[in-house]
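See below for structure-v9.txt, which holds compact mmCIF, N, CA and C atoms and all ligand atoms.
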```txt
# COMPACT_ATOMS: atom_id res chain seq x y z
N MET A 1 -9.50 2.65 37.58
CA MET A 1 -8.17 3.09 37.14
C MET A 1 -8.25 3.84 35.81
N PRO A 2 -8.80 5.04 35.85
CA PRO A 2 -9.02 5.76 34.59
C PRO A 2 -7.74 6.02 33.81
N LEU A 3 -6.64 6.25 34.52
CA LEU A 3 -5.39 6.56 33.81
C LEU A 3 -4.92 5.38 32.96
N LEU A 4 -4.96 4.19 33.58
CA LEU A 4 -4.55 2.99 32.85
C LEU A 4 -5.47 2.76 31.66
N ARG A 5 -6.78 2.95 31.90
CA ARG A 5 -7.73 2.72 30.82
C ARG A 5 -7.46 3.69 29.65
N ASP A 6 -7.18 4.94 29.97
CA ASP A 6 -6.90 5.93 28.92
C ASP A 6 -5.65 5.54 28.14
N LYS A 7 -4.67 5.03 28.88
CA LYS A 7 -3.42 4.64 28.24
C LYS A 7 -3.65 3.49 27.27
N MET A 8 -4.44 2.50 27.73
CA MET A 8 -4.74 1.35 26.87
C MET A 8 -5.48 1.81 25.62
N ARG A 9 -6.43 2.72 25.83
CA ARG A 9 -7.25 3.16 24.72
C ARG A 9 -6.40 3.92 23.69
N SER A 10 -5.45 4.68 24.18
CA SER A 10 -4.65 5.49 23.27
C SER A 10 -3.77 4.62 22.37
N MET A 11 -3.63 3.33 22.76
CA MET A 11 -2.84 2.43 21.92
C MET A 11 -3.61 1.93 20.71
N GLU A 12 -4.93 2.09 20.74
CA GLU A 12 -5.72 1.61 19.61
C GLU A 12 -5.36 2.41 18.37
N LEU A 13 -5.15 1.71 17.29
CA LEU A 13 -4.85 2.40 16.03
C LEU A 13 -6.11 3.07 15.49
N ILE A 14 -7.20 2.33 15.53
CA ILE A 14 -8.49 2.86 15.07
C ILE A 14 -9.47 2.73 16.24
N ARG A 15 -10.04 3.81 16.64
CA ARG A 15 -11.03 3.79 17.72
C ARG A 15 -12.39 3.48 17.12
N TRP A 16 -13.00 2.38 17.59
CA TRP A 16 -14.36 2.06 17.12
C TRP A 16 -15.33 3.00 17.80
N ASN A 17 -16.00 3.85 17.03
CA ASN A 17 -16.94 4.79 17.65
C ASN A 17 -18.10 5.08 16.69
N ASP A 18 -19.00 5.94 17.12
CA ASP A 18 -20.22 6.20 16.36
C ASP A 18 -19.96 6.75 14.95
N ARG A 19 -18.84 7.43 14.79
CA ARG A 19 -18.53 7.97 13.44
C ARG A 19 -18.40 6.86 12.41
N LEU A 20 -17.98 5.69 12.89
CA LEU A 20 -17.76 4.57 11.97
C LEU A 20 -19.00 3.69 11.79
N LYS A 21 -20.02 3.92 12.62
CA LYS A 21 -21.22 3.08 12.53
C LYS A 21 -22.14 3.56 11.43
N LEU A 22 -22.63 2.59 10.64
CA LEU A 22 -23.52 2.94 9.53
C LEU A 22 -24.98 2.76 9.91
N GLY A 23 -25.26 2.07 10.99
CA GLY A 23 -26.65 1.82 11.40
C GLY A 23 -27.24 0.60 10.73
N ILE A 24 -26.40 -0.27 10.20
CA ILE A 24 -26.84 -1.56 9.65
C ILE A 24 -26.08 -2.62 10.44
N ALA A 25 -26.83 -3.36 11.26
CA ALA A 25 -26.19 -4.20 12.28
C ALA A 25 -25.17 -5.18 11.71
N VAL A 26 -25.52 -5.88 10.64
CA VAL A 26 -24.62 -6.93 10.12
C VAL A 26 -23.31 -6.32 9.60
N VAL A 27 -23.41 -5.15 8.99
CA VAL A 27 -22.21 -4.48 8.46
C VAL A 27 -21.39 -3.92 9.62
N ASP A 28 -22.05 -3.27 10.57
CA ASP A 28 -21.33 -2.68 11.71
C ASP A 28 -20.60 -3.75 12.52
N ARG A 29 -21.26 -4.89 12.70
CA ARG A 29 -20.64 -5.97 13.47
C ARG A 29 -19.34 -6.43 12.81
N GLN A 30 -19.39 -6.60 11.49
CA GLN A 30 -18.19 -7.05 10.77
C GLN A 30 -17.11 -5.97 10.75
N HIS A 31 -17.53 -4.71 10.57
CA HIS A 31 -16.55 -3.62 10.60
C HIS A 31 -15.87 -3.54 11.97
N GLU A 32 -16.66 -3.74 13.02
CA GLU A 32 -16.09 -3.67 14.37
C GLU A 32 -15.06 -4.78 14.55
N ARG A 33 -15.38 -5.97 14.01
CA ARG A 33 -14.44 -7.09 14.15
C ARG A 33 -13.16 -6.82 13.33
N LEU A 34 -13.31 -6.21 12.16
CA LEU A 34 -12.14 -5.86 11.35
C LEU A 34 -11.24 -4.86 12.09
N VAL A 35 -11.88 -3.86 12.70
CA VAL A 35 -11.13 -2.87 13.47
C VAL A 35 -10.41 -3.56 14.62
N GLU A 36 -11.07 -4.52 15.25
CA GLU A 36 -10.45 -5.25 16.37
C GLU A 36 -9.22 -6.03 15.88
N ILE A 37 -9.32 -6.66 14.72
CA ILE A 37 -8.17 -7.41 14.19
C ILE A 37 -7.01 -6.45 13.87
N ILE A 38 -7.33 -5.31 13.25
CA ILE A 38 -6.30 -4.33 12.89
C ILE A 38 -5.64 -3.78 14.16
N ASN A 39 -6.44 -3.51 15.19
CA ASN A 39 -5.87 -3.02 16.45
C ASN A 39 -4.98 -4.09 17.10
N ARG A 40 -5.37 -5.35 16.96
CA ARG A 40 -4.56 -6.44 17.51
C ARG A 40 -3.22 -6.53 16.76
N LEU A 41 -3.28 -6.33 15.45
CA LEU A 41 -2.06 -6.31 14.64
C LEU A 41 -1.16 -5.14 15.07
N HIS A 42 -1.79 -4.01 15.33
CA HIS A 42 -1.04 -2.84 15.81
C HIS A 42 -0.37 -3.14 17.15
N ASP A 43 -1.13 -3.71 18.10
CA ASP A 43 -0.57 -4.05 19.41
C ASP A 43 0.63 -4.98 19.25
N ALA A 44 0.47 -6.02 18.43
CA ALA A 44 1.54 -7.01 18.26
C ALA A 44 2.79 -6.35 17.66
N THR A 45 2.59 -5.40 16.75
CA THR A 45 3.72 -4.70 16.12
C THR A 45 4.41 -3.78 17.12
N VAL A 46 3.60 -2.99 17.85
CA VAL A 46 4.16 -2.06 18.84
C VAL A 46 4.90 -2.81 19.93
N GLN A 47 4.35 -3.95 20.32
CA GLN A 47 4.97 -4.75 21.39
C GLN A 47 6.16 -5.58 20.90
N GLY A 48 6.44 -5.48 19.60
CA GLY A 48 7.59 -6.20 19.04
C GLY A 48 7.43 -7.72 19.09
N ARG A 49 6.17 -8.18 18.94
CA ARG A 49 5.94 -9.62 18.94
C ARG A 49 6.60 -10.25 17.71
N GLY A 50 6.78 -11.54 17.76
CA GLY A 50 7.49 -12.25 16.69
C GLY A 50 6.75 -12.21 15.36
N SER A 51 7.51 -12.44 14.30
CA SER A 51 6.90 -12.34 12.97
C SER A 51 5.88 -13.45 12.73
N ALA A 52 5.98 -14.58 13.45
CA ALA A 52 4.98 -15.64 13.29
C ALA A 52 3.63 -15.17 13.79
N VAL A 53 3.64 -14.49 14.95
CA VAL A 53 2.40 -13.96 15.52
C VAL A 53 1.80 -12.90 14.59
N ILE A 54 2.65 -11.98 14.13
CA ILE A 54 2.19 -10.89 13.26
C ILE A 54 1.67 -11.47 11.93
N GLY A 55 2.40 -12.43 11.39
CA GLY A 55 1.97 -13.07 10.14
C GLY A 55 0.61 -13.75 10.28
N GLU A 56 0.38 -14.37 11.44
CA GLU A 56 -0.91 -15.03 11.66
C GLU A 56 -2.05 -14.03 11.72
N ILE A 57 -1.80 -12.88 12.35
CA ILE A 57 -2.86 -11.86 12.43
C ILE A 57 -3.12 -11.27 11.04
N ILE A 58 -2.06 -11.08 10.25
CA ILE A 58 -2.24 -10.58 8.87
C ILE A 58 -3.11 -11.57 8.09
N ASP A 59 -2.83 -12.88 8.23
CA ASP A 59 -3.62 -13.90 7.53
C ASP A 59 -5.08 -13.86 7.97
N GLU A 60 -5.28 -13.74 9.29
CA GLU A 60 -6.65 -13.69 9.82
C GLU A 60 -7.38 -12.48 9.23
N MET A 61 -6.67 -11.34 9.15
CA MET A 61 -7.28 -10.13 8.61
C MET A 61 -7.65 -10.31 7.13
N ILE A 62 -6.76 -10.95 6.37
CA ILE A 62 -7.02 -11.15 4.94
C ILE A 62 -8.27 -12.03 4.76
N ILE A 63 -8.36 -13.10 5.53
CA ILE A 63 -9.51 -14.01 5.42
C ILE A 63 -10.80 -13.30 5.82
N TYR A 64 -10.75 -12.56 6.92
CA TYR A 64 -11.98 -11.91 7.38
C TYR A 64 -12.39 -10.77 6.44
N THR A 65 -11.41 -10.08 5.87
CA THR A 65 -11.71 -9.00 4.91
C THR A 65 -12.45 -9.59 3.70
N ALA A 66 -11.97 -10.74 3.21
CA ALA A 66 -12.61 -11.37 2.05
C ALA A 66 -14.04 -11.78 2.39
N THR A 67 -14.24 -12.33 3.59
CA THR A 67 -15.58 -12.72 4.04
C THR A 67 -16.50 -11.50 4.07
N HIS A 68 -15.98 -10.42 4.62
CA HIS A 68 -16.78 -9.20 4.76
C HIS A 68 -17.13 -8.59 3.38
N PHE A 69 -16.16 -8.53 2.48
CA PHE A 69 -16.43 -7.98 1.16
C PHE A 69 -17.46 -8.83 0.42
N SER A 70 -17.37 -10.15 0.54
CA SER A 70 -18.36 -11.03 -0.12
C SER A 70 -19.76 -10.75 0.40
N MET A 71 -19.87 -10.52 1.70
CA MET A 71 -21.19 -10.24 2.28
C MET A 71 -21.76 -8.95 1.68
N GLU A 72 -20.95 -7.89 1.65
CA GLU A 72 -21.44 -6.63 1.08
C GLU A 72 -21.82 -6.82 -0.39
N GLU A 73 -20.98 -7.53 -1.13
CA GLU A 73 -21.21 -7.68 -2.57
C GLU A 73 -22.42 -8.56 -2.87
N LYS A 74 -22.72 -9.49 -1.97
CA LYS A 74 -23.93 -10.31 -2.11
C LYS A 74 -25.16 -9.39 -2.03
N TYR A 75 -25.14 -8.43 -1.11
CA TYR A 75 -26.26 -7.49 -1.01
C TYR A 75 -26.28 -6.53 -2.20
N PHE A 76 -25.12 -6.16 -2.73
CA PHE A 76 -25.12 -5.28 -3.92
C PHE A 76 -25.92 -5.94 -5.03
N ALA A 77 -25.65 -7.25 -5.24
CA ALA A 77 -26.33 -7.98 -6.31
C ALA A 77 -27.82 -8.11 -6.00
N GLN A 78 -28.11 -8.48 -4.76
CA GLN A 78 -29.50 -8.70 -4.36
C GLN A 78 -30.34 -7.43 -4.47
N PHE A 79 -29.74 -6.28 -4.16
CA PHE A 79 -30.48 -5.01 -4.12
C PHE A 79 -30.25 -4.17 -5.38
N ASP A 80 -29.55 -4.70 -6.38
CA ASP A 80 -29.24 -3.94 -7.60
C ASP A 80 -28.60 -2.59 -7.28
N TYR A 81 -27.57 -2.62 -6.48
CA TYR A 81 -26.91 -1.38 -6.07
C TYR A 81 -26.20 -0.74 -7.27
N PRO A 82 -26.56 0.50 -7.63
CA PRO A 82 -26.00 1.09 -8.86
C PRO A 82 -24.48 1.35 -8.82
N ASP A 83 -23.92 1.56 -7.63
CA ASP A 83 -22.48 1.83 -7.52
C ASP A 83 -21.65 0.58 -7.25
N ALA A 84 -22.25 -0.59 -7.50
CA ALA A 84 -21.57 -1.86 -7.15
C ALA A 84 -20.20 -2.00 -7.81
N GLU A 85 -20.11 -1.70 -9.11
CA GLU A 85 -18.84 -1.94 -9.81
C GLU A 85 -17.72 -1.08 -9.24
N GLU A 86 -18.01 0.20 -9.04
CA GLU A 86 -17.01 1.11 -8.50
C GLU A 86 -16.59 0.67 -7.10
N HIS A 87 -17.59 0.25 -6.30
CA HIS A 87 -17.32 -0.18 -4.92
C HIS A 87 -16.46 -1.45 -4.92
N LYS A 88 -16.81 -2.39 -5.79
CA LYS A 88 -16.04 -3.65 -5.86
C LYS A 88 -14.60 -3.40 -6.28
N ARG A 89 -14.41 -2.40 -7.15
CA ARG A 89 -13.03 -2.06 -7.54
C ARG A 89 -12.21 -1.64 -6.33
N GLU A 90 -12.83 -0.89 -5.41
CA GLU A 90 -12.10 -0.52 -4.17
C GLU A 90 -11.77 -1.76 -3.35
N HIS A 91 -12.74 -2.67 -3.24
CA HIS A 91 -12.49 -3.92 -2.50
C HIS A 91 -11.33 -4.70 -3.13
N ASP A 92 -11.39 -4.87 -4.46
CA ASP A 92 -10.36 -5.65 -5.16
C ASP A 92 -8.97 -5.02 -4.99
N ALA A 93 -8.94 -3.67 -5.05
CA ALA A 93 -7.66 -2.98 -4.91
C ALA A 93 -7.07 -3.22 -3.52
N LEU A 94 -7.93 -3.24 -2.50
CA LEU A 94 -7.42 -3.49 -1.14
C LEU A 94 -6.89 -4.91 -1.00
N ILE A 95 -7.65 -5.87 -1.52
CA ILE A 95 -7.23 -7.28 -1.43
C ILE A 95 -5.85 -7.44 -2.10
N GLU A 96 -5.69 -6.80 -3.26
CA GLU A 96 -4.43 -6.90 -3.98
C GLU A 96 -3.28 -6.26 -3.19
N LYS A 97 -3.55 -5.07 -2.65
CA LYS A 97 -2.52 -4.33 -1.93
C LYS A 97 -2.09 -5.07 -0.66
N VAL A 98 -3.08 -5.57 0.10
CA VAL A 98 -2.75 -6.26 1.35
C VAL A 98 -2.05 -7.59 1.05
N GLY A 99 -2.47 -8.26 -0.03
CA GLY A 99 -1.81 -9.50 -0.45
C GLY A 99 -0.34 -9.24 -0.78
N ALA A 100 -0.07 -8.12 -1.47
CA ALA A 100 1.32 -7.78 -1.81
C ALA A 100 2.13 -7.48 -0.55
N PHE A 101 1.52 -6.77 0.41
CA PHE A 101 2.18 -6.51 1.69
C PHE A 101 2.51 -7.82 2.40
N ALA A 102 1.54 -8.74 2.41
CA ALA A 102 1.74 -10.02 3.11
C ALA A 102 2.89 -10.80 2.47
N ASP A 103 2.98 -10.78 1.14
CA ASP A 103 4.08 -11.45 0.44
C ASP A 103 5.42 -10.82 0.81
N ASP A 104 5.45 -9.47 0.78
CA ASP A 104 6.68 -8.76 1.13
C ASP A 104 7.07 -9.06 2.58
N PHE A 105 6.05 -9.11 3.45
CA PHE A 105 6.31 -9.38 4.88
C PHE A 105 6.93 -10.77 5.05
N ALA A 106 6.39 -11.74 4.33
CA ALA A 106 6.89 -13.11 4.45
C ALA A 106 8.35 -13.20 4.01
N LYS A 107 8.71 -12.40 2.99
CA LYS A 107 10.07 -12.46 2.44
C LYS A 107 11.07 -11.60 3.23
N ALA A 108 10.55 -10.57 3.93
CA ALA A 108 11.44 -9.60 4.60
C ALA A 108 12.19 -10.23 5.77
N GLN A 109 13.28 -9.58 6.12
CA GLN A 109 14.12 -10.08 7.22
C GLN A 109 14.21 -9.02 8.31
N GLY A 110 14.30 -9.48 9.55
CA GLY A 110 14.61 -8.63 10.70
C GLY A 110 13.81 -7.34 10.78
N GLY A 111 14.54 -6.23 10.87
CA GLY A 111 13.92 -4.93 11.10
C GLY A 111 13.00 -4.48 9.98
N SER A 112 13.27 -4.95 8.76
CA SER A 112 12.40 -4.50 7.67
C SER A 112 11.01 -5.12 7.80
N LYS A 113 10.89 -6.22 8.56
CA LYS A 113 9.56 -6.80 8.81
C LYS A 113 8.70 -5.83 9.62
N SER A 114 9.25 -5.28 10.69
CA SER A 114 8.43 -4.39 11.50
C SER A 114 8.16 -3.08 10.77
N ALA A 115 9.11 -2.64 9.92
CA ALA A 115 8.87 -1.44 9.12
C ALA A 115 7.70 -1.66 8.16
N LEU A 116 7.65 -2.86 7.57
CA LEU A 116 6.55 -3.19 6.66
C LEU A 116 5.21 -3.25 7.39
N ALA A 117 5.22 -3.87 8.58
CA ALA A 117 3.98 -3.97 9.36
C ALA A 117 3.48 -2.58 9.73
N THR A 118 4.39 -1.68 10.09
CA THR A 118 4.01 -0.31 10.45
C THR A 118 3.43 0.42 9.24
N GLU A 119 4.06 0.22 8.10
CA GLU A 119 3.57 0.84 6.86
C GLU A 119 2.18 0.31 6.51
N LEU A 120 2.00 -1.01 6.65
CA LEU A 120 0.70 -1.63 6.37
C LEU A 120 -0.37 -1.04 7.29
N LEU A 121 -0.05 -0.88 8.57
CA LEU A 121 -1.02 -0.38 9.54
C LEU A 121 -1.43 1.06 9.24
N GLN A 122 -0.48 1.90 8.86
CA GLN A 122 -0.82 3.28 8.53
C GLN A 122 -1.74 3.33 7.31
N PHE A 123 -1.44 2.46 6.34
CA PHE A 123 -2.28 2.38 5.15
C PHE A 123 -3.69 1.90 5.52
N LEU A 124 -3.78 0.84 6.34
CA LEU A 124 -5.08 0.28 6.72
C LEU A 124 -5.93 1.29 7.49
N LYS A 125 -5.28 2.02 8.36
CA LYS A 125 -6.01 3.02 9.17
C LYS A 125 -6.72 4.02 8.26
N ILE A 126 -5.97 4.56 7.32
CA ILE A 126 -6.54 5.57 6.42
C ILE A 126 -7.56 4.93 5.48
N TRP A 127 -7.18 3.76 4.92
CA TRP A 127 -8.07 3.10 3.95
C TRP A 127 -9.41 2.78 4.59
N TRP A 128 -9.41 2.12 5.75
CA TRP A 128 -10.67 1.67 6.35
C TRP A 128 -11.54 2.83 6.82
N GLN A 129 -10.91 3.86 7.38
CA GLN A 129 -11.73 4.99 7.85
C GLN A 129 -12.41 5.64 6.65
N PHE A 130 -11.66 5.84 5.58
CA PHE A 130 -12.25 6.43 4.38
C PHE A 130 -13.32 5.51 3.80
N HIS A 131 -13.00 4.22 3.70
CA HIS A 131 -13.94 3.28 3.07
C HIS A 131 -15.26 3.21 3.85
N MET A 132 -15.19 3.12 5.16
CA MET A 132 -16.43 3.01 5.94
C MET A 132 -17.23 4.31 5.90
N MET A 133 -16.53 5.44 6.09
CA MET A 133 -17.26 6.70 6.24
C MET A 133 -17.69 7.30 4.90
N GLU A 134 -16.97 6.99 3.82
CA GLU A 134 -17.31 7.58 2.52
C GLU A 134 -17.94 6.55 1.58
N THR A 135 -17.24 5.46 1.31
CA THR A 135 -17.69 4.52 0.29
C THR A 135 -18.88 3.68 0.79
N ASP A 136 -18.73 3.06 1.96
CA ASP A 136 -19.82 2.24 2.49
C ASP A 136 -21.04 3.10 2.83
N ALA A 137 -20.80 4.32 3.29
CA ALA A 137 -21.91 5.20 3.67
C ALA A 137 -22.90 5.39 2.51
N LYS A 138 -22.42 5.25 1.27
CA LYS A 138 -23.28 5.47 0.11
C LYS A 138 -24.35 4.39 -0.08
N PHE A 139 -24.12 3.18 0.47
CA PHE A 139 -25.14 2.14 0.26
C PHE A 139 -26.18 2.08 1.39
N VAL A 140 -25.99 2.89 2.42
CA VAL A 140 -26.83 2.78 3.61
C VAL A 140 -28.31 3.01 3.29
N THR A 141 -28.62 4.07 2.55
CA THR A 141 -30.02 4.39 2.27
C THR A 141 -30.70 3.24 1.54
N LEU A 142 -30.05 2.71 0.50
CA LEU A 142 -30.64 1.61 -0.26
C LEU A 142 -30.81 0.37 0.62
N PHE A 143 -29.77 0.00 1.35
CA PHE A 143 -29.83 -1.20 2.19
C PHE A 143 -30.98 -1.09 3.19
N ARG A 144 -31.14 0.10 3.77
CA ARG A 144 -32.21 0.26 4.77
C ARG A 144 -33.58 0.22 4.12
N GLU A 145 -33.68 0.81 2.92
CA GLU A 145 -34.94 0.75 2.18
C GLU A 145 -35.35 -0.69 1.91
N ARG A 146 -34.32 -1.54 1.69
CA ARG A 146 -34.60 -2.95 1.41
C ARG A 146 -34.73 -3.79 2.68
N GLY A 147 -34.81 -3.11 3.81
CA GLY A 147 -35.14 -3.80 5.05
C GLY A 147 -33.96 -4.29 5.87
N LEU A 148 -32.74 -3.93 5.46
CA LEU A 148 -31.57 -4.34 6.23
C LEU A 148 -31.24 -3.23 7.23
N THR A 149 -31.44 -3.53 8.51
CA THR A 149 -31.20 -2.47 9.51
C THR A 149 -30.28 -2.96 10.60
FE FE A 201 -17.22 -1.90 1.34
```
Once you've parsed the file, please lay out its structure as structure tokens.
Amino acid sequence: MPLLRDKMRSMELIRWNDRLKLGIAVVDRQHERLVEIINRLHDATVQGRGSAVIGEIIDEMIIYTATHFSMEEKYFAQFDYPDAEEHKREHDALIEKVGAFADDFAKAQGGSKSALATELLQFLKIWWQFHMMETDAKFVTLFRERGLT
């Protein structure tokens, strides 16, 4: 059923594909899972699921994002990555921004909840694509030199 499959695929907010892969298995695996959570949040928002469901996915995303950033930052320290401070500032800014969105979402009522979720998703789509393809791409050479493949 190619038509149905194409339709399902077109609903993905972020398509996981080779452009997003860095060639470091542990990082790619976590990025793929983050994209899956964001796409699930998108599906729940588009389908008009309840705010409890959407709130739970936002929480799951926040927890997994923190886990993922800690993993990258552990390697920055271990490998003496020269751009660590600048990179961590991007991580911290995202955590702060998404935390503020989650607070606003919890307080919002009715239609403004779905408007906030839509705004969050558009921000996440742009942020993550840029972060993976530009910011994370900068550590690939060093990580691979240190044996992480
Ligand atoms: Fe990163």
Could you give me, as a list in words, every polymer residue with an atom at most 10 Å away from an atom of ligand FE 201 (chain A), counting only C-alpha atoms and all ligand atoms?
Val27, His31, Thr65, His68, Phe69, Ser70, Met71, Glu72, Glu73, Ala84, His87, Lys88, Arg89, Glu90, His91, Trp128, His131, Met132, Met133, Glu134, Thr135, Asp136, Ala137, Lys138 and Phe139 of chain A
Report, in Å to a single decimal, how far apart CA of Arg49 (chain A) and CA of Leu121 (chain A) are.
14.9 Å
Every residue of region 45-143 of chain A that DSSP places in alpha helix (DSSP H), as a PyMOL selection string:
chain A and resi 45-46+51-78+84-107+111-130+140-143
Tell me which protein, DNA and RNA residues are within 8 Å of Leu116 (chain A), counting all atoms listed in the file, leaving out same-chain ones fewer than 6 positions away, and put them as a PyMOL selection string.
chain A and resi 101+104-105+122
Can you spit out the residues from that selection as an mmCIF file, in the frame of the given file, using N, CA and C atoms?
```
data_model
loop_
_atom_site.group_PDB
_atom_site.id
_atom_site.type_symbol
_atom_site.label_atom_id
_atom_site.label_comp_id
_atom_site.auth_asym_id
_atom_site.auth_seq_id
_atom_site.Cartn_x
_atom_site.Cartn_y
_atom_site.Cartn_z
ATOM 1 N N PHE A 101 1.520 -6.770 0.410
ATOM 2 C CA PHE A 101 2.180 -6.510 1.690
ATOM 3 C C PHE A 101 2.510 -7.820 2.400
ATOM 4 N N ASP A 104 5.450 -9.470 0.780
ATOM 5 C CA ASP A 104 6.680 -8.760 1.130
ATOM 6 C C ASP A 104 7.070 -9.060 2.580
ATOM 7 N N PHE A 105 6.050 -9.110 3.450
ATOM 8 C CA PHE A 105 6.310 -9.380 4.880
ATOM 9 C C PHE A 105 6.930 -10.770 5.050
ATOM 10 N N GLN A 122 -0.480 1.900 8.860
ATOM 11 C CA GLN A 122 -0.820 3.280 8.530
ATOM 12 C C GLN A 122 -1.740 3.330 7.310
#
```
Provide the CA of Leu22 (chain A) to CA of Ala102 (chain A) distance in Å, to one decimal place.
29.1 Å
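Considering the residues A:Ala25, A:Leu120, A:Met11, A:Leu148 and counting only C-alpha atoms, Ile58 (chain A) has its shortest atom-to-atom contact with A:Leu120.
Checking A:Glu12, A:Lys97, A:Leu142, A:Lys113 one by one against His42 (chain A), counting all atoms listed in the file, you find the shortest gap at A:Glu12.
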Write a file for region 43-111 of chain A, containing C-alpha atoms (output as an mmCIF file, in the first residue's frame).
```cif
data_model
loop_
_atom_site.group_PDB
_atom_site.id
_atom_site.type_symbol
_atom_site.label_atom_id
_atom_site.label_comp_id
_atom_site.auth_asym_id
_atom_site.auth_seq_id
_atom_site.Cartn_x
_atom_site.Cartn_y
_atom_site.Cartn_z
ATOM 1 C CA ASP A 43 1.264 13.089 15.815
ATOM 2 C CA ALA A 44 -0.442 13.588 19.183
ATOM 3 C CA THR A 45 -0.815 17.335 18.514
ATOM 4 C CA VAL A 46 -2.104 16.899 14.945
ATOM 5 C CA GLN A 47 -4.542 14.218 16.100
ATOM 6 C CA GLY A 48 -5.820 16.550 18.827
ATOM 7 C CA ARG A 49 -4.958 14.129 21.626
ATOM 8 C CA GLY A 50 -5.590 15.272 25.180
ATOM 9 C CA SER A 51 -3.236 17.561 27.034
ATOM 10 C CA ALA A 52 -2.335 14.761 29.488
ATOM 11 C CA VAL A 53 -0.981 12.641 26.625
ATOM 12 C CA ILE A 54 0.861 15.606 25.070
ATOM 13 C CA GLY A 55 2.239 16.665 28.461
ATOM 14 C CA GLU A 56 3.581 13.154 29.054
ATOM 15 C CA ILE A 57 5.391 13.115 25.714
ATOM 16 C CA ILE A 58 6.874 16.570 26.445
ATOM 17 C CA ASP A 59 8.148 15.221 29.796
ATOM 18 C CA GLU A 60 9.598 12.133 28.123
ATOM 19 C CA MET A 61 11.350 14.365 25.578
ATOM 20 C CA ILE A 62 12.802 16.612 28.307
ATOM 21 C CA ILE A 63 14.180 13.622 30.231
ATOM 22 C CA TYR A 64 15.645 11.950 27.160
ATOM 23 C CA THR A 65 17.156 15.232 25.909
ATOM 24 C CA ALA A 66 18.953 15.665 29.247
ATOM 25 C CA THR A 67 20.243 12.070 29.073
ATOM 26 C CA HIS A 68 21.492 12.628 25.546
ATOM 27 C CA PHE A 69 23.220 15.943 26.313
ATOM 28 C CA SER A 70 24.974 14.389 29.338
ATOM 29 C CA MET A 71 26.298 11.598 27.136
ATOM 30 C CA GLU A 72 27.734 14.051 24.594
ATOM 31 C CA GLU A 73 29.194 16.255 27.328
ATOM 32 C CA LYS A 74 30.818 13.260 29.036
ATOM 33 C CA TYR A 75 32.719 12.624 25.792
ATOM 34 C CA PHE A 76 33.597 16.330 25.453
ATOM 35 C CA ALA A 77 35.364 16.108 28.824
ATOM 36 C CA GLN A 78 36.945 12.743 28.096
ATOM 37 C CA PHE A 79 38.285 13.826 24.688
ATOM 38 C CA ASP A 80 39.166 17.452 25.624
ATOM 39 C CA TYR A 81 36.861 18.800 22.943
ATOM 40 C CA PRO A 82 37.916 22.426 22.308
ATOM 41 C CA ASP A 83 34.388 23.659 21.428
ATOM 42 C CA ALA A 84 32.805 22.099 24.530
ATOM 43 C CA GLU A 85 31.817 25.361 26.241
ATOM 44 C CA GLU A 86 30.125 26.841 23.185
ATOM 45 C CA HIS A 87 28.364 23.526 22.492
ATOM 46 C CA LYS A 88 27.160 23.185 26.096
ATOM 47 C CA ARG A 89 25.727 26.702 25.923
ATOM 48 C CA GLU A 90 23.511 25.530 23.036
ATOM 49 C CA HIS A 91 22.416 22.515 25.098
ATOM 50 C CA ASP A 92 21.649 24.675 28.155
ATOM 51 C CA ALA A 93 19.695 27.180 26.051
ATOM 52 C CA LEU A 94 17.512 24.382 24.656
ATOM 53 C CA ILE A 95 16.847 22.877 28.095
ATOM 54 C CA GLU A 96 15.825 26.316 29.361
ATOM 55 C CA LYS A 97 13.615 27.076 26.357
ATOM 56 C CA VAL A 98 11.829 23.707 26.373
ATOM 57 C CA GLY A 99 11.383 23.930 30.165
ATOM 58 C CA ALA A 100 9.711 27.338 29.731
ATOM 59 C CA PHE A 101 7.441 25.902 27.007
ATOM 60 C CA ALA A 102 6.498 22.989 29.280
ATOM 61 C CA ASP A 103 5.609 25.407 32.113
ATOM 62 C CA ASP A 104 3.522 27.552 29.761
ATOM 63 C CA PHE A 105 1.842 24.413 28.401
ATOM 64 C CA ALA A 106 0.931 23.230 31.902
ATOM 65 C CA LYS A 107 -0.646 26.608 32.711
ATOM 66 C CA ALA A 108 -2.400 27.162 29.347
ATOM 67 C CA GLN A 109 -6.074 26.458 28.783
ATOM 68 C CA GLY A 110 -7.990 24.938 25.875
ATOM 69 C CA GLY A 111 -6.972 26.068 22.406
#
```
